[in-house]
Amino acid sequence: MSYETGAGEIFDAMRGKPTTGLIAKPVAAMIVLFARAVTAVRAIWPDSGIPTRPCVYFANHSSHGDFILIWAVLPPRLRQRARPVAGADYWLKSKLNSFIGRDVFNAVLIERDREARTQDPIEQMTQAIDAGSSLILFPEGTRNLTDQPLQPFKSGLYHLARTRPEIDLVPVWINNLNRVMPKGEFVPIPLICTVTFGNALRIGAEEEKADFLARAEAALLTLSPKPPGSGE
């Protein structure tokens, strides 16, 4: 019996029972410790300091482990209320993935297939914000496997900001994780990673979508350790 099959049977037996939450907490702690051990990750905060209220962290995206690094460097009080926004197709494809995505990370799972959606993604995210959560969002929409530092942003960040214009949007640049877990590799390569947080921004009252997305992309690129256009 495979590890995933065995784990799935355990999670099936626990589903809907309080023990699931009891197991999720130590699993979360183990993931944080593992991420820190493999990457020696450190946070770099802006002069404005650590966010003190719920916000949206928006970051570059090159690996499935990106949100784990952001989550790992947040102080515990912020980590407890930070929820990654992720694709339901990936995090619900197996019982193990579902346990990690739903129970460990409490992710906001978005159905990427428009025809299969039963709820508006922006509504899902605003509900989480209204409940006091922060979000970890990747506006590129999918992992960047190109030579460019960023892919063009999808419109989700704009629509979320327009729906909740009072929310702080915090740019976050993740550096080196794509080298720790290169495409096609299953064993991580120990390297030092950094997670750089920028100053928060908000959408302007009359700001057009193209202008806002360009400003958000620029805010993120300024945190990159390499000049825009040079690649990673």
# chains A, B, ... in the order shown; residues from 1 in each chain; ligands from 1

$ select_by_dssp --residues "region 34-226 of chain A" --states "helix (DSSP H, G or I)" --output "PyMOL selection string"
chain A and resi 34-39+66-73+76-79+88-91+95-104+114-116+121-130+156-163+177-180+209-221

$ closest_atom_pairs --of "region 35-133 of chain A" --to "region 146-157 of chain A" --cutoff "12 Å" --atoms "only C-alpha atoms" --output "JSON lines"
{"residue": "A:Val56", "atom": "CA", "partner": "A:Leu157", "partner_atom": "CA", "distance": 9.2}
{"residue": "A:Tyr57", "atom": "CA", "partner": "A:Leu157", "partner_atom": "CA", "distance": 10.4}
{"residue": "A:Phe58", "atom": "CA", "partner": "A:Leu157", "partner_atom": "CA", "distance": 8.3}
{"residue": "A:Ala59", "atom": "CA", "partner": "A:Leu150", "partner_atom": "CA", "distance": 9.8}
{"residue": "A:Asn60", "atom": "CA", "partner": "A:Leu150", "partner_atom": "CA", "distance": 6.7}
{"residue": "A:His61", "atom": "CA", "partner": "A:Leu150", "partner_atom": "CA", "distance": 8.1}
{"residue": "A:Ser62", "atom": "CA", "partner": "A:Thr146", "partner_atom": "CA", "distance": 9.2}
{"residue": "A:Val85", "atom": "CA", "partner": "A:Gly156", "partner_atom": "CA", "distance": 11.2}
{"residue": "A:Ile110", "atom": "CA", "partner": "A:Gly156", "partner_atom": "CA", "distance": 11.5}
{"residue": "A:Arg112", "atom": "CA", "partner": "A:Gly156", "partner_atom": "CA", "distance": 11.9}
{"residue": "A:Asp120", "atom": "CA", "partner": "A:Gly156", "partner_atom": "CA", "distance": 11.0}
{"residue": "A:Pro121", "atom": "CA", "partner": "A:Gly156", "partner_atom": "CA", "distance": 8.5}
{"residue": "A:Ile122", "atom": "CA", "partner": "A:Gly156", "partner_atom": "CA", "distance": 7.3}
{"residue": "A:Glu123", "atom": "CA", "partner": "A:Gly156", "partner_atom": "CA", "distance": 11.1}
{"residue": "A:Gln124", "atom": "CA", "partner": "A:Gly156", "partner_atom": "CA", "distance": 11.8}
{"residue": "A:Met125", "atom": "CA", "partner": "A:Gly156", "partner_atom": "CA", "distance": 10.1}
{"residue": "A:Thr126", "atom": "CA", "partner": "A:Leu157", "partner_atom": "CA", "distance": 11.5}

$ closest_residue --among "A:Ile167, A:Ala131, A:Ile192, A:Leu220" --to "Gly204 (chain A)" --atoms "only C-alpha atoms"
A:Ile167

$ closest_residue --among "A:Gly65, A:Pro171, A:Pro51, A:Gly101" --to "Thr39 (chain A)" --atoms "only C-alpha atoms"
A:Gly65

$ decode --residues "region 69-116 of chain A" --atoms "C-alpha atoms" --output "CSV table (one decimal), in the first residue's frame"
chain,number,residue,atom,x,y,z
A,69,LEU,CA,7.6,30.0,2.4
A,70,ILE,CA,5.5,33.1,2.9
A,71,TRP,CA,3.4,31.3,5.5
A,72,ALA,CA,6.6,30.0,7.2
A,73,VAL,CA,8.2,33.5,7.7
A,74,LEU,CA,5.1,35.2,9.0
A,75,PRO,CA,5.0,35.7,12.8
A,76,PRO,CA,2.7,33.1,14.4
A,77,ARG,CA,-0.1,35.6,15.1
A,78,LEU,CA,-0.2,36.5,11.4
A,79,ARG,CA,0.4,33.0,10.2
A,80,GLN,CA,-2.8,31.8,12.0
A,81,ARG,CA,-5.0,34.1,10.0
A,82,ALA,CA,-3.2,33.9,6.6
A,83,ARG,CA,-5.0,31.8,4.0
A,84,PRO,CA,-3.4,30.9,0.6
A,85,VAL,CA,-5.6,31.2,-2.5
A,86,ALA,CA,-5.0,28.1,-4.5
A,87,GLY,CA,-6.5,26.0,-7.3
A,88,ALA,CA,-9.0,23.4,-6.2
A,89,ASP,CA,-8.0,21.1,-9.0
A,90,TYR,CA,-4.6,20.6,-7.5
A,91,TRP,CA,-5.5,20.6,-3.8
A,92,LEU,CA,-8.5,18.3,-4.1
A,93,LYS,CA,-7.0,15.8,-6.4
A,94,SER,CA,-6.2,13.3,-3.6
A,95,LYS,CA,-7.1,12.8,0.0
A,96,LEU,CA,-3.6,13.7,1.2
A,97,ASN,CA,-3.6,17.0,-0.9
A,98,SER,CA,-7.1,17.8,0.4
A,99,PHE,CA,-6.0,17.3,4.0
A,100,ILE,CA,-3.0,19.6,3.6
A,101,GLY,CA,-4.8,22.2,1.6
A,102,ARG,CA,-8.0,22.4,3.6
A,103,ASP,CA,-7.1,21.3,7.1
A,104,VAL,CA,-3.4,22.3,7.5
A,105,PHE,CA,-3.4,25.6,5.4
A,106,ASN,CA,-7.1,26.4,5.5
A,107,ALA,CA,-6.7,27.4,1.8
A,108,VAL,CA,-9.3,29.3,-0.1
A,109,LEU,CA,-9.8,26.8,-2.9
A,110,ILE,CA,-10.7,28.3,-6.3
A,111,GLU,CA,-12.3,26.3,-9.1
A,112,ARG,CA,-10.3,27.3,-12.1
A,113,ASP,CA,-12.7,25.7,-14.6
A,114,ARG,CA,-15.3,28.5,-15.1
A,115,GLU,CA,-18.0,26.0,-16.2
A,116,ALA,CA,-17.6,23.9,-13.0
